[in-house]
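Comments concern the structure below.
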Amino acid sequence: MPAPNFARAAGALLLCGCGFAAPALAGVVPGTGGAPSSTQLGATDAVGLQPAPNQLGHVLLVPYFTAQQGQMTVLHLVNTDLSNGKAIKLRVRGAANGDSLLSMTLLLSPGDMWTGAITAGADGRAQIATADGSCTAPQLAAGVPQPFGTDRLDPALGAADRANQTREGTIEAIVAADIPSAAVYGTSGQERSALFTAIRQTSDVAPCTGPAIDAALQQDAGDEATAAARGFAAPSGGVGGTWYVIDVPGATTFSSAMTTLQAVNAAGQPGRGNFVLFPPTDQAIVQPERFTADPLLVSAGFAARQKDIDGVTSVPTTAAVITARAYDLPDLSTPYHLPASEANARRTAAELSELLNAREVRNQYALEPSISAQTDWVFAMPTKRYSVAMDYAAGARTFSVVPPAGTGDQFFHSDNTAVSGNQVCSANAGWSFLVFSRDATVSTNGAAIPSTLPLVPRLCGAVSVAAFNGISPLSTSVARSPLRNGFQSGWATLQVSDPSGLPVIGAAFTKLSNPSVAPGLSGRYGLIYPHMIRQP
């Protein structure tokens, strides 16, 4: 495959640079039939999404990546399906507003695994590199870092601040389609598809044949028969993922499985979702609200500057804040098992928000001076972008009605959010943060000593990092939310008073050192504890 064109980082994304005039995209295609064939994608039988009990599924989320202060974040995505390849949309979003920094499609053969590392480049911008031979679109050259884009970030920021905002955020991976291995293609009906042949390793090397991949990906499928003929099937899941942060200077590692959601059928078993593979091009999307609830991408009037808890809006937008492009899709609000429509995009965003919803977040902390302990709590809100986002040009919040009006309380609205700088923050009035020592002593004010630090975390942007006593083991900058605490170790609970709760994922990150370690041995340790969530 020829080297990708990175000269035009349109929309702050990694692109192939191949725009062309085309009709409105079909985008979301429900599958029909039994087994996938050269004319049918296989029936979309999913009726909802659920947390994956075995950490294998259709949608995978990384709550936090960082490339700050010499740290690197490494991703592993593995296709455990031994019969089908997978087309996976990978998107990296910035911490401040969930703005897209990078978008690419991974094409994993059956049993294949892809690994990539995010680091800071010489210019300060985050970049991704891989030594992996798996096929991608655009195809990354092995060992050659590709920088994140900044076009979607706040244009008022200087170059250094914009680079800084690429170094923290969240990551999402969506299984957009299967790539069957069955020999049911060609004039004889007994050949494998050209796409499968292009991505399947021969002697441990995937050919990644450019023309075959381009023919399958670069233009919208339009309908089921066309998508099936190109070698695709409705997505059946089976993808797992892990991630870890390596603090290279600090000789510390934090690692975890990705948060994984699975599309399930009426029997509660893994099912097939819609085909949601959009071409990785800069083609403008007609009626993007059919495919996304993102308030910055939808057409005029489908988002508003004001919204109450019941979804009643005022001051509607008069134009899309950002022109939606094909490479923006799919996202977490793209209808995965429902027909494509404006209401169903908002329903999909609401469904994922309900799955991640929390009324209370509990976890541990350690700040013991004898072991130089430091603790961060990461609060990622991967679905927040589909309810509210910052319009930089207007300096104002922009809302979508998620869930649709009349179906429940709004997760984010005018009364429970506020603008701070260039971020939309939770207005945490009524929230409480109870801090317990290991001996069950409780502090309702967050500390046993005077401090100017906040008593309760104020969660801003797409991800916030609550740094206990203001010291962050993750060296967070963009997502930093300093927090008061006077005990040396124990546990704490954040209680959210909002009726709808708060869609959040994350963990506690603790770094510590062993002062008695023998010379020549590393005595630094990184611990990660997933949050304990009480749902509404």
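Ligands are numbered from 1 in the order shown, residues from 1 within each chain, and chains are lettered A, B, ... in the order they appear in the structure tokens.
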As JSON, numbers by chain, which residues of segment 175-406 of chain A does DSSP assign to helix (DSSP H, G or I)? {"A": [194, 195, 196, 197, 198, 199, 210, 211, 212, 213, 214, 215, 216, 217, 224, 225, 226, 227, 228, 229, 288, 289, 290, 326, 327, 328, 342, 343, 344, 345, 346, 347, 348, 349, 350, 351, 352, 353, 354, 355, 369, 370, 371, 384, 385, 386]}
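Contact shell of Val92 of chain A at 10 Å (only C-alpha atoms; same-chain neighbours under 4 positions omitted): Leu13, Val62, Phe65, Gly98, Asp99, Ser100, Leu101, Leu102, Ser103, Met104, Phe148, Thr166, Glu168, Gly169, Thr170, Ile171, Glu172 and Ala173 of chain A.
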Would you mind listing what lies within 8 Å of Ala95 of chain A as a PDB file with all heavy atoms, in the first residue's frame, with only C-alpha atoms counted and same-chain residues fewer than 6 positions away left out?
ATOM      1  N   GLN A 165      -2.233  19.583  24.634  1.00  0.00           N
ATOM      2  CA  GLN A 165      -3.563  18.987  24.649  1.00  0.00           C
ATOM      3  C   GLN A 165      -3.653  17.703  23.823  1.00  0.00           C
ATOM      4  O   GLN A 165      -4.634  16.974  23.933  1.00  0.00           O
ATOM      5  CB  GLN A 165      -4.601  20.002  24.181  1.00  0.00           C
ATOM      6  CG  GLN A 165      -4.785  21.144  25.165  1.00  0.00           C
ATOM      7  CD  GLN A 165      -6.213  21.634  25.244  1.00  0.00           C
ATOM      8  OE1 GLN A 165      -7.098  21.158  24.552  1.00  0.00           O
ATOM      9  NE2 GLN A 165      -6.434  22.605  26.104  1.00  0.00           N
ATOM     10  N   GLU A 168      -2.861  13.983  26.300  1.00  0.00           N
ATOM     11  CA  GLU A 168      -3.732  13.295  27.248  1.00  0.00           C
ATOM     12  C   GLU A 168      -5.118  13.152  26.639  1.00  0.00           C
ATOM     13  O   GLU A 168      -5.565  14.029  25.891  1.00  0.00           O
ATOM     14  CB  GLU A 168      -3.869  14.085  28.553  1.00  0.00           C
ATOM     15  CG  GLU A 168      -2.624  14.177  29.388  1.00  0.00           C
ATOM     16  CD  GLU A 168      -2.864  15.058  30.613  1.00  0.00           C
ATOM     17  OE1 GLU A 168      -3.724  14.699  31.453  1.00  0.00           O
ATOM     18  OE2 GLU A 168      -2.206  16.101  30.719  1.00  0.00           O
ATOM     19  N   GLY A 169      -5.787  12.075  26.993  1.00  0.00           N
ATOM     20  CA  GLY A 169      -7.147  11.905  26.512  1.00  0.00           C
ATOM     21  C   GLY A 169      -7.655  10.496  26.701  1.00  0.00           C
ATOM     22  O   GLY A 169      -7.218   9.771  27.604  1.00  0.00           O
ATOM     23  N   THR A 170      -8.594  10.119  25.845  1.00  0.00           N
ATOM     24  CA  THR A 170      -9.225   8.802  25.900  1.00  0.00           C
ATOM     25  C   THR A 170      -9.144   8.153  24.522  1.00  0.00           C
ATOM     26  O   THR A 170      -8.861   8.806  23.515  1.00  0.00           O
ATOM     27  CB  THR A 170     -10.702   8.909  26.325  1.00  0.00           C
ATOM     28  OG1 THR A 170     -11.428   9.648  25.332  1.00  0.00           O
ATOM     29  CG2 THR A 170     -10.838   9.606  27.662  1.00  0.00           C
ATOM     30  N   GLY A 461     -14.105  18.334  30.991  1.00  0.00           N
ATOM     31  CA  GLY A 461     -13.701  17.744  29.728  1.00  0.00           C
ATOM     32  C   GLY A 461     -14.128  16.295  29.586  1.00  0.00           C
ATOM     33  O   GLY A 461     -15.060  15.812  30.216  1.00  0.00           O
ATOM     34  N   ALA A 462     -13.412  15.571  28.720  1.00  0.00           N
ATOM     35  CA  ALA A 462     -13.711  14.167  28.469  1.00  0.00           C
ATOM     36  C   ALA A 462     -13.114  13.256  29.525  1.00  0.00           C
ATOM     37  O   ALA A 462     -13.574  12.134  29.720  1.00  0.00           O
ATOM     38  CB  ALA A 462     -13.199  13.763  27.091  1.00  0.00           C
ATOM     39  N   VAL A 463     -12.074  13.721  30.196  1.00  0.00           N
ATOM     40  CA  VAL A 463     -11.438  12.941  31.260  1.00  0.00           C
ATOM     41  C   VAL A 463     -10.822  13.909  32.254  1.00  0.00           C
ATOM     42  O   VAL A 463     -10.259  14.936  31.876  1.00  0.00           O
ATOM     43  CB  VAL A 463     -10.380  11.960  30.696  1.00  0.00           C
ATOM     44  CG1 VAL A 463      -9.294  12.685  29.927  1.00  0.00           C
ATOM     45  CG2 VAL A 463      -9.758  11.124  31.803  1.00  0.00           C
ATOM     46  N   SER A 464     -10.989  13.597  33.539  1.00  0.00           N
ATOM     47  CA  SER A 464     -10.379  14.377  34.609  1.00  0.00           C
ATOM     48  C   SER A 464      -9.555  13.445  35.480  1.00  0.00           C
ATOM     49  O   SER A 464      -9.931  12.282  35.696  1.00  0.00           O
ATOM     50  CB  SER A 464     -11.440  15.065  35.475  1.00  0.00           C
ATOM     51  OG  SER A 464     -12.020  16.155  34.812  1.00  0.00           O
ATOM     52  N   VAL A 478      -3.388  18.585  31.316  1.00  0.00           N
ATOM     53  CA  VAL A 478      -4.658  19.013  30.730  1.00  0.00           C
ATOM     54  C   VAL A 478      -5.829  18.578  31.597  1.00  0.00           C
ATOM     55  O   VAL A 478      -6.782  19.338  31.808  1.00  0.00           O
ATOM     56  CB  VAL A 478      -4.817  18.440  29.310  1.00  0.00           C
ATOM     57  CG1 VAL A 478      -6.124  18.896  28.679  1.00  0.00           C
ATOM     58  CG2 VAL A 478      -3.634  18.839  28.440  1.00  0.00           C
ATOM     59  N   ALA A 479      -5.778  17.355  32.110  1.00  0.00           N
ATOM     60  CA  ALA A 479      -6.913  16.776  32.824  1.00  0.00           C
ATOM     61  C   ALA A 479      -6.822  16.949  34.336  1.00  0.00           C
ATOM     62  O   ALA A 479      -7.638  16.404  35.067  1.00  0.00           O
ATOM     63  CB  ALA A 479      -7.010  15.288  32.489  1.00  0.00           C
TER      64      ALA A 479
END
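The shortest atom-to-atom distance to Leu108 of chain A, with only C-alpha atoms taken into account, belongs to A:Gly85 out of A:Gly85, A:Gly210, A:Pro339, A:Pro482.
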Contacts of segment 224-287 of chain A with segment 355-366 of chain A up to 12 Å, shortest pair per row, only C-alpha atoms, as a tab-separated table:
residue	atom	partner	partner_atom	distance
A:Thr259	CA	A:Leu356	CA	9.8
A:Thr260	CA	A:Leu356	CA	10.8
A:Leu261	CA	A:Leu355	CA	8.9
A:Gln262	CA	A:Leu355	CA	11.1
Keeping N, CA, C and O atoms for every residue in the selection just given, could you write it to a file as a PDB file, in the first residue's frame?
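Okay, this is what ended up in result-v3.pdb:
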ATOM      1  N   THR A 259     -12.098  -1.325  28.979  1.00  0.00           N
ATOM      2  CA  THR A 259     -13.519  -1.477  29.276  1.00  0.00           C
ATOM      3  C   THR A 259     -14.202  -1.951  27.996  1.00  0.00           C
ATOM      4  O   THR A 259     -14.101  -1.296  26.957  1.00  0.00           O
ATOM      5  N   THR A 260     -14.886  -3.097  28.077  1.00  0.00           N
ATOM      6  CA  THR A 260     -15.400  -3.734  26.864  1.00  0.00           C
ATOM      7  C   THR A 260     -16.910  -3.916  26.948  1.00  0.00           C
ATOM      8  O   THR A 260     -17.437  -4.385  27.957  1.00  0.00           O
ATOM      9  N   LEU A 261     -17.592  -3.554  25.869  1.00  0.00           N
ATOM     10  CA  LEU A 261     -19.038  -3.718  25.749  1.00  0.00           C
ATOM     11  C   LEU A 261     -19.332  -4.690  24.603  1.00  0.00           C
ATOM     12  O   LEU A 261     -18.638  -4.693  23.581  1.00  0.00           O
ATOM     13  N   GLN A 262     -20.361  -5.473  24.809  1.00  0.00           N
ATOM     14  CA  GLN A 262     -20.694  -6.533  23.862  1.00  0.00           C
ATOM     15  C   GLN A 262     -22.118  -6.338  23.340  1.00  0.00           C
ATOM     16  O   GLN A 262     -23.038  -6.073  24.119  1.00  0.00           O
TER      17      GLN A 262
END
Per-residue nearest contacts of segment 282-334 of chain A to segment 386-408 of chain A (12 Å; only C-alpha atoms) as a tab-separated table:
residue	atom	partner	partner_atom	distance
A:Glu289	CA	A:Ser400	CA	10.2
A:Phe291	CA	A:Tyr386	CA	11.4
A:Thr292	CA	A:Tyr386	CA	7.8
A:Ala293	CA	A:Tyr386	CA	5.1
A:Asp294	CA	A:Tyr386	CA	4.4
A:Pro295	CA	A:Ser400	CA	5.2
A:Leu296	CA	A:Ala389	CA	6.9
A:Leu297	CA	A:Tyr386	CA	9.8
A:Val298	CA	A:Ser400	CA	8.9
A:Ser299	CA	A:Ser400	CA	11.3
A:Ala300	CA	A:Ser400	CA	11.7
A:Gly301	CA	A:Ser400	CA	10.1
A:Phe302	CA	A:Ser400	CA	7.1
A:Ala303	CA	A:Ser400	CA	5.0
A:Ala304	CA	A:Phe399	CA	5.2
A:Arg305	CA	A:Thr398	CA	4.8
A:Gln306	CA	A:Phe399	CA	6.9
A:Lys307	CA	A:Phe399	CA	6.7
A:Asp308	CA	A:Val401	CA	9.4
A:Ile309	CA	A:Gly408	CA	8.9
A:Asp310	CA	A:Ala405	CA	6.3
A:Gly311	CA	A:Ala405	CA	4.9
A:Val312	CA	A:Ala405	CA	7.2
A:Thr313	CA	A:Val401	CA	8.0
A:Ser314	CA	A:Phe399	CA	10.0
A:Val315	CA	A:Thr398	CA	9.7
A:Pro316	CA	A:Thr398	CA	9.0
A:Thr317	CA	A:Thr398	CA	8.2
A:Thr318	CA	A:Thr398	CA	11.7
A:Ala319	CA	A:Thr398	CA	11.8
A:Ala320	CA	A:Asp391	CA	10.4
A:Val321	CA	A:Asp391	CA	6.9
A:Ile322	CA	A:Asp391	CA	9.1
A:Asp331	CA	A:Tyr386	CA	9.4
A:Leu332	CA	A:Tyr386	CA	8.3
A:Ser333	CA	A:Tyr386	CA	7.0
A:Thr334	CA	A:Tyr386	CA	10.3
Just-selected residues, N, CA and C atoms written as an mmCIF file, in the first residue's frame:
data_model
loop_
_atom_site.group_PDB
_atom_site.id
_atom_site.type_symbol
_atom_site.label_atom_id
_atom_site.label_comp_id
_atom_site.auth_asym_id
_atom_site.auth_seq_id
_atom_site.Cartn_x
_atom_site.Cartn_y
_atom_site.Cartn_z
ATOM 1 N N GLU A 289 -26.649 13.850 11.581
ATOM 2 C CA GLU A 289 -27.394 13.477 12.780
ATOM 3 C C GLU A 289 -28.014 12.081 12.672
ATOM 4 N N PHE A 291 -26.246 9.583 12.071
ATOM 5 C CA PHE A 291 -25.166 8.687 12.460
ATOM 6 C C PHE A 291 -24.462 9.094 13.750
ATOM 7 N N THR A 292 -24.686 10.310 14.221
ATOM 8 C CA THR A 292 -23.988 10.779 15.416
ATOM 9 C C THR A 292 -24.854 11.756 16.185
ATOM 10 N N ALA A 293 -24.696 11.740 17.500
ATOM 11 C CA ALA A 293 -25.350 12.725 18.358
ATOM 12 C C ALA A 293 -24.400 13.857 18.722
ATOM 13 N N ASP A 294 -23.160 13.820 18.243
ATOM 14 C CA ASP A 294 -22.164 14.839 18.576
ATOM 15 C C ASP A 294 -22.725 16.229 18.270
ATOM 16 N N PRO A 295 -22.911 17.091 19.286
ATOM 17 C CA PRO A 295 -23.558 18.383 19.043
ATOM 18 C C PRO A 295 -22.752 19.330 18.167
ATOM 19 N N LEU A 296 -21.474 19.072 17.994
ATOM 20 C CA LEU A 296 -20.675 19.928 17.118
ATOM 21 C C LEU A 296 -20.734 19.484 15.665
ATOM 22 N N LEU A 297 -21.197 18.261 15.411
ATOM 23 C CA LEU A 297 -21.214 17.720 14.054
ATOM 24 C C LEU A 297 -22.587 17.722 13.405
ATOM 25 N N VAL A 298 -23.656 17.760 14.200
ATOM 26 C CA VAL A 298 -24.994 17.642 13.630
ATOM 27 C C VAL A 298 -25.386 18.919 12.892
ATOM 28 N N SER A 299 -26.396 18.801 12.044
ATOM 29 C CA SER A 299 -26.839 19.925 11.214
ATOM 30 C C SER A 299 -27.503 21.011 12.051
ATOM 31 N N ALA A 300 -27.719 22.158 11.418
ATOM 32 C CA ALA A 300 -28.358 23.300 12.077
ATOM 33 C C ALA A 300 -29.676 22.887 12.716
ATOM 34 N N GLY A 301 -29.874 23.343 13.962
ATOM 35 C CA GLY A 301 -31.117 23.104 14.653
ATOM 36 C C GLY A 301 -31.194 21.798 15.414
ATOM 37 N N PHE A 302 -30.251 20.886 15.197
ATOM 38 C CA PHE A 302 -30.264 19.613 15.908
ATOM 39 C C PHE A 302 -29.459 19.671 17.205
ATOM 40 N N ALA A 303 -28.861 20.816 17.499
ATOM 41 C CA ALA A 303 -28.170 21.053 18.766
ATOM 42 C C ALA A 303 -28.577 22.436 19.244
ATOM 43 N N ALA A 304 -28.306 22.710 20.516
ATOM 44 C CA ALA A 304 -28.765 23.976 21.100
ATOM 45 C C ALA A 304 -27.781 24.455 22.152
ATOM 46 N N ARG A 305 -27.863 25.760 22.463
ATOM 47 C CA ARG A 305 -26.980 26.363 23.471
ATOM 48 C C ARG A 305 -27.528 26.192 24.886
ATOM 49 N N GLN A 306 -28.819 25.935 25.018
ATOM 50 C CA GLN A 306 -29.432 25.766 26.331
ATOM 51 C C GLN A 306 -30.270 24.492 26.331
ATOM 52 N N LYS A 307 -30.234 23.771 27.458
ATOM 53 C CA LYS A 307 -31.022 22.547 27.588
ATOM 54 C C LYS A 307 -31.296 22.313 29.068
ATOM 55 N N ASP A 308 -32.545 21.999 29.405
ATOM 56 C CA ASP A 308 -32.840 21.725 30.803
ATOM 57 C C ASP A 308 -32.814 20.222 31.067
ATOM 58 N N ILE A 309 -33.083 19.845 32.311
ATOM 59 C CA ILE A 309 -32.951 18.448 32.727
ATOM 60 C C ILE A 309 -33.951 17.545 32.024
ATOM 61 N N ASP A 310 -35.002 18.103 31.480
ATOM 62 C CA ASP A 310 -36.016 17.320 30.770
ATOM 63 C C ASP A 310 -35.778 17.268 29.265
ATOM 64 N N GLY A 311 -34.726 17.916 28.792
ATOM 65 C CA GLY A 311 -34.435 17.906 27.366
ATOM 66 C C GLY A 311 -35.105 18.997 26.578
ATOM 67 N N VAL A 312 -35.661 19.991 27.263
ATOM 68 C CA VAL A 312 -36.251 21.141 26.578
ATOM 69 C C VAL A 312 -35.131 22.111 26.226
ATOM 70 N N THR A 313 -35.021 22.463 24.949
ATOM 71 C CA THR A 313 -33.902 23.263 24.481
ATOM 72 C C THR A 313 -34.349 24.646 24.026
ATOM 73 N N SER A 314 -33.385 25.536 23.967
ATOM 74 C CA SER A 314 -33.586 26.869 23.395
ATOM 75 C C SER A 314 -32.283 27.309 22.764
ATOM 76 N N VAL A 315 -32.344 28.359 21.973
ATOM 77 C CA VAL A 315 -31.199 28.891 21.219
ATOM 78 C C VAL A 315 -30.586 27.777 20.358
ATOM 79 N N PRO A 316 -31.341 27.267 19.382
ATOM 80 C CA PRO A 316 -30.797 26.214 18.521
ATOM 81 C C PRO A 316 -29.654 26.722 17.659
ATOM 82 N N THR A 317 -28.785 25.823 17.282
ATOM 83 C CA THR A 317 -27.676 26.178 16.404
ATOM 84 C C THR A 317 -28.199 26.547 15.025
ATOM 85 N N THR A 318 -27.518 27.459 14.373
ATOM 86 C CA THR A 318 -27.932 27.898 13.039
ATOM 87 C C THR A 318 -27.091 27.268 11.937
ATOM 88 N N ALA A 319 -26.068 26.528 12.337
ATOM 89 C CA ALA A 319 -25.220 25.807 11.385
ATOM 90 C C ALA A 319 -24.428 24.772 12.168
ATOM 91 N N ALA A 320 -23.921 23.758 11.470
ATOM 92 C CA ALA A 320 -23.043 22.802 12.132
ATOM 93 C C ALA A 320 -21.786 23.525 12.601
ATOM 94 N N VAL A 321 -21.357 23.258 13.819
ATOM 95 C CA VAL A 321 -20.135 23.886 14.334
ATOM 96 C C VAL A 321 -18.932 23.378 13.553
ATOM 97 N N ILE A 322 -18.913 22.087 13.261
ATOM 98 C CA ILE A 322 -17.843 21.452 12.493
ATOM 99 C C ILE A 322 -18.494 20.632 11.387
ATOM 100 N N ASP A 331 -18.866 6.603 15.506
ATOM 101 C CA ASP A 331 -18.454 6.964 16.852
ATOM 102 C C ASP A 331 -19.348 6.213 17.837
ATOM 103 N N LEU A 332 -19.248 6.541 19.105
ATOM 104 C CA LEU A 332 -19.975 5.772 20.116
ATOM 105 C C LEU A 332 -21.474 6.007 20.083
ATOM 106 N N SER A 333 -21.932 6.991 19.308
ATOM 107 C CA SER A 333 -23.369 7.212 19.177
ATOM 108 C C SER A 333 -23.921 6.702 17.853
ATOM 109 N N THR A 334 -23.105 6.174 16.988
ATOM 110 C CA THR A 334 -23.587 5.627 15.718
ATOM 111 C C THR A 334 -24.483 4.427 16.005
#
Using only C-alpha atoms, what table do you get, as a tab-separated table, when you list each residue of segment 192-297 of chain A with an atom no more than 8 Å from segment 176-183 of chain A, its nearest pair of atoms, and their distance in Å rounded to one decimal, rows by chain then rising number?
residue	atom	partner	partner_atom	distance
A:Arg192	CA	A:Ala183	CA	4.2
A:Ser193	CA	A:Ala183	CA	7.3
A:Leu195	CA	A:Ile179	CA	7.7
A:Phe196	CA	A:Ile179	CA	6.3
A:Gly231	CA	A:Ile179	CA	5.9
A:Phe232	CA	A:Ile179	CA	4.8
A:Ala233	CA	A:Asp178	CA	4.8
A:Ala234	CA	A:Ala177	CA	5.3
A:Pro235	CA	A:Ala177	CA	4.3
A:Ser236	CA	A:Asp178	CA	6.7
A:Asn274	CA	A:Ala176	CA	7.8
A:Phe275	CA	A:Ala177	CA	5.5
A:Val276	CA	A:Ala176	CA	4.9
A:Leu277	CA	A:Ala176	CA	5.0
Selected residues written out with N, CA and C atoms, as a PDB file, in the first residue's frame:
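Now in out.pdb:
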ATOM      1  N   ARG A 192     -11.819 -16.955  -1.695  1.00  0.00           N
ATOM      2  CA  ARG A 192     -11.829 -15.996  -0.604  1.00  0.00           C
ATOM      3  C   ARG A 192     -11.849 -14.583  -1.181  1.00  0.00           C
ATOM      4  N   SER A 193     -12.360 -13.656  -0.406  1.00  0.00           N
ATOM      5  CA  SER A 193     -12.435 -12.283  -0.904  1.00  0.00           C
ATOM      6  C   SER A 193     -11.044 -11.689  -1.074  1.00  0.00           C
ATOM      7  N   LEU A 195     -10.196  -8.818  -0.154  1.00  0.00           N
ATOM      8  CA  LEU A 195      -9.860  -8.122   1.082  1.00  0.00           C
ATOM      9  C   LEU A 195      -9.268  -9.082   2.096  1.00  0.00           C
ATOM     10  N   PHE A 196      -9.889 -10.252   2.278  1.00  0.00           N
ATOM     11  CA  PHE A 196      -9.339 -11.211   3.241  1.00  0.00           C
ATOM     12  C   PHE A 196      -7.934 -11.638   2.830  1.00  0.00           C
ATOM     13  N   GLY A 231     -16.437  -8.326   0.689  1.00  0.00           N
ATOM     14  CA  GLY A 231     -15.799  -9.216   1.656  1.00  0.00           C
ATOM     15  C   GLY A 231     -16.091  -8.889   3.096  1.00  0.00           C
ATOM     16  N   PHE A 232     -17.177  -8.162   3.341  1.00  0.00           N
ATOM     17  CA  PHE A 232     -17.528  -7.789   4.709  1.00  0.00           C
ATOM     18  C   PHE A 232     -18.725  -8.594   5.210  1.00  0.00           C
ATOM     19  N   ALA A 233     -18.875  -8.587   6.543  1.00  0.00           N
ATOM     20  CA  ALA A 233     -20.053  -9.156   7.192  1.00  0.00           C
ATOM     21  C   ALA A 233     -20.393  -8.281   8.385  1.00  0.00           C
ATOM     22  N   ALA A 234     -21.596  -8.435   8.907  1.00  0.00           N
ATOM     23  CA  ALA A 234     -21.985  -7.682  10.095  1.00  0.00           C
ATOM     24  C   ALA A 234     -21.069  -8.063  11.254  1.00  0.00           C
ATOM     25  N   PRO A 235     -20.701  -7.103  12.114  1.00  0.00           N
ATOM     26  CA  PRO A 235     -19.687  -7.356  13.148  1.00  0.00           C
ATOM     27  C   PRO A 235     -20.186  -8.289  14.252  1.00  0.00           C
ATOM     28  N   SER A 236     -19.391  -9.304  14.552  1.00  0.00           N
ATOM     29  CA  SER A 236     -19.760 -10.302  15.557  1.00  0.00           C
ATOM     30  C   SER A 236     -18.942 -10.192  16.840  1.00  0.00           C
ATOM     31  N   ASN A 274     -24.938  -3.770  13.417  1.00  0.00           N
ATOM     32  CA  ASN A 274     -24.989  -3.212  12.072  1.00  0.00           C
ATOM     33  C   ASN A 274     -23.590  -3.093  11.486  1.00  0.00           C
ATOM     34  N   PHE A 275     -23.489  -3.187  10.185  1.00  0.00           N
ATOM     35  CA  PHE A 275     -22.276  -2.808   9.469  1.00  0.00           C
ATOM     36  C   PHE A 275     -22.157  -1.286   9.578  1.00  0.00           C
ATOM     37  N   VAL A 276     -21.072  -0.787  10.168  1.00  0.00           N
ATOM     38  CA  VAL A 276     -20.918   0.655  10.399  1.00  0.00           C
ATOM     39  C   VAL A 276     -19.562   1.154   9.909  1.00  0.00           C
ATOM     40  N   LEU A 277     -19.065   0.564   8.826  1.00  0.00           N
ATOM     41  CA  LEU A 277     -17.750   0.937   8.312  1.00  0.00           C
ATOM     42  C   LEU A 277     -17.889   2.075   7.309  1.00  0.00           C
TER      43      LEU A 277
END
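Considering only C-alpha atoms, the residue among A:Ser500, A:Ala96, A:Asn485, A:Pro330 positioned nearest to Ser420 of chain A is A:Ala96.
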Could you name the residues that touch Pro515 of chain A at 10 Å or less, counting only C-alpha atoms, but leaving out those on the same chain fewer than 5 positions away, as number ranges by chain? A: 370-372, 523-524
Using the chain letters and numbers from this document, which residues of segment 26-189 of chain A does DSSP assign to strand (DSSP E or B), as JSON, numbers by chain? {"A": [29, 48, 49, 50, 51, 57, 59, 60, 61, 62, 63, 64, 65, 66, 71, 72, 73, 74, 75, 76, 77, 78, 79, 84, 85, 86, 87, 88, 89, 90, 91, 92, 93, 94, 100, 101, 102, 103, 104, 105, 106, 107, 108, 113, 114, 115, 116, 117, 118, 119, 120, 126, 127, 128, 129, 135, 136, 137, 146, 147, 168, 169, 170, 171, 172, 173, 174, 175, 176, 177, 178, 179, 180, 185]}
For atom CA of Val248 of chain A and atom CA of Ala117 of chain A, the interatomic separation in Å (one decimal): 12.9 Å
Gln69 of chain A surroundings by only C-alpha atoms, 10 Å radius, close-in-sequence under 6 positions cut, as an NGL selection string: :A and (119-120 or 167 or 247-250 or 474-477)
Close residues, segment 267-273 of chain A itself excluded, 10 Å, only C-alpha atoms, min 4 positions apart in chain, as a ChimeraX atom specification: /A:28-31,41-50,52,56-58,175-178,233-238,262-263,335-338
Nearest to Gly240 of chain A, chosen from A:Ala429, A:Leu77, A:Ala198, A:Val442, with only C-alpha atoms counted in the distances: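 Ranked by minimum distance to Gly240 of chain A, first place goes to A:Leu77.
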From the set A:Pro207, A:Pro138, A:Pro147, A:Pro503, which residue has the shortest atom-to-atom contact distance to Leu106 of chain A, counting only C-alpha atoms?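 Using only C-alpha atoms, the shortest distance to Leu106 of chain A belongs to A:Pro138.
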Close residues, Glu368 of chain A itself excluded, 9 Å, only C-alpha atoms, min 3 positions apart in chain, as an MDAnalysis selection string: chainID A and resid 371:374 487:489 512
Residue selection dump (N, CA and C atoms) as a compact mmCIF listing (two decimals), in the first residue's frame:
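See selection.txt below for the written result:
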# COMPACT_ATOMS: atom_id res chain seq x y z
N ILE A 371 6.83 5.73 51.93
CA ILE A 371 7.03 5.01 50.66
C ILE A 371 6.80 5.93 49.46
N SER A 372 6.81 7.24 49.72
CA SER A 372 6.64 8.25 48.66
C SER A 372 5.40 7.99 47.82
N ALA A 373 4.31 7.58 48.47
CA ALA A 373 3.11 7.19 47.75
C ALA A 373 2.37 8.41 47.20
N GLN A 374 1.86 8.28 45.99
CA GLN A 374 1.06 9.30 45.32
C GLN A 374 -0.13 8.60 44.65
N PHE A 487 -5.41 12.41 55.15
CA PHE A 487 -5.02 11.10 55.66
C PHE A 487 -3.91 10.51 54.80
N GLN A 488 -3.17 9.56 55.38
CA GLN A 488 -2.06 8.96 54.63
C GLN A 488 -2.51 7.84 53.71
N SER A 489 -3.56 7.14 54.07
CA SER A 489 -4.05 6.05 53.22
C SER A 489 -5.45 5.67 53.67
N LEU A 512 4.44 4.18 44.19
CA LEU A 512 5.15 4.17 45.46
C LEU A 512 6.56 3.64 45.26
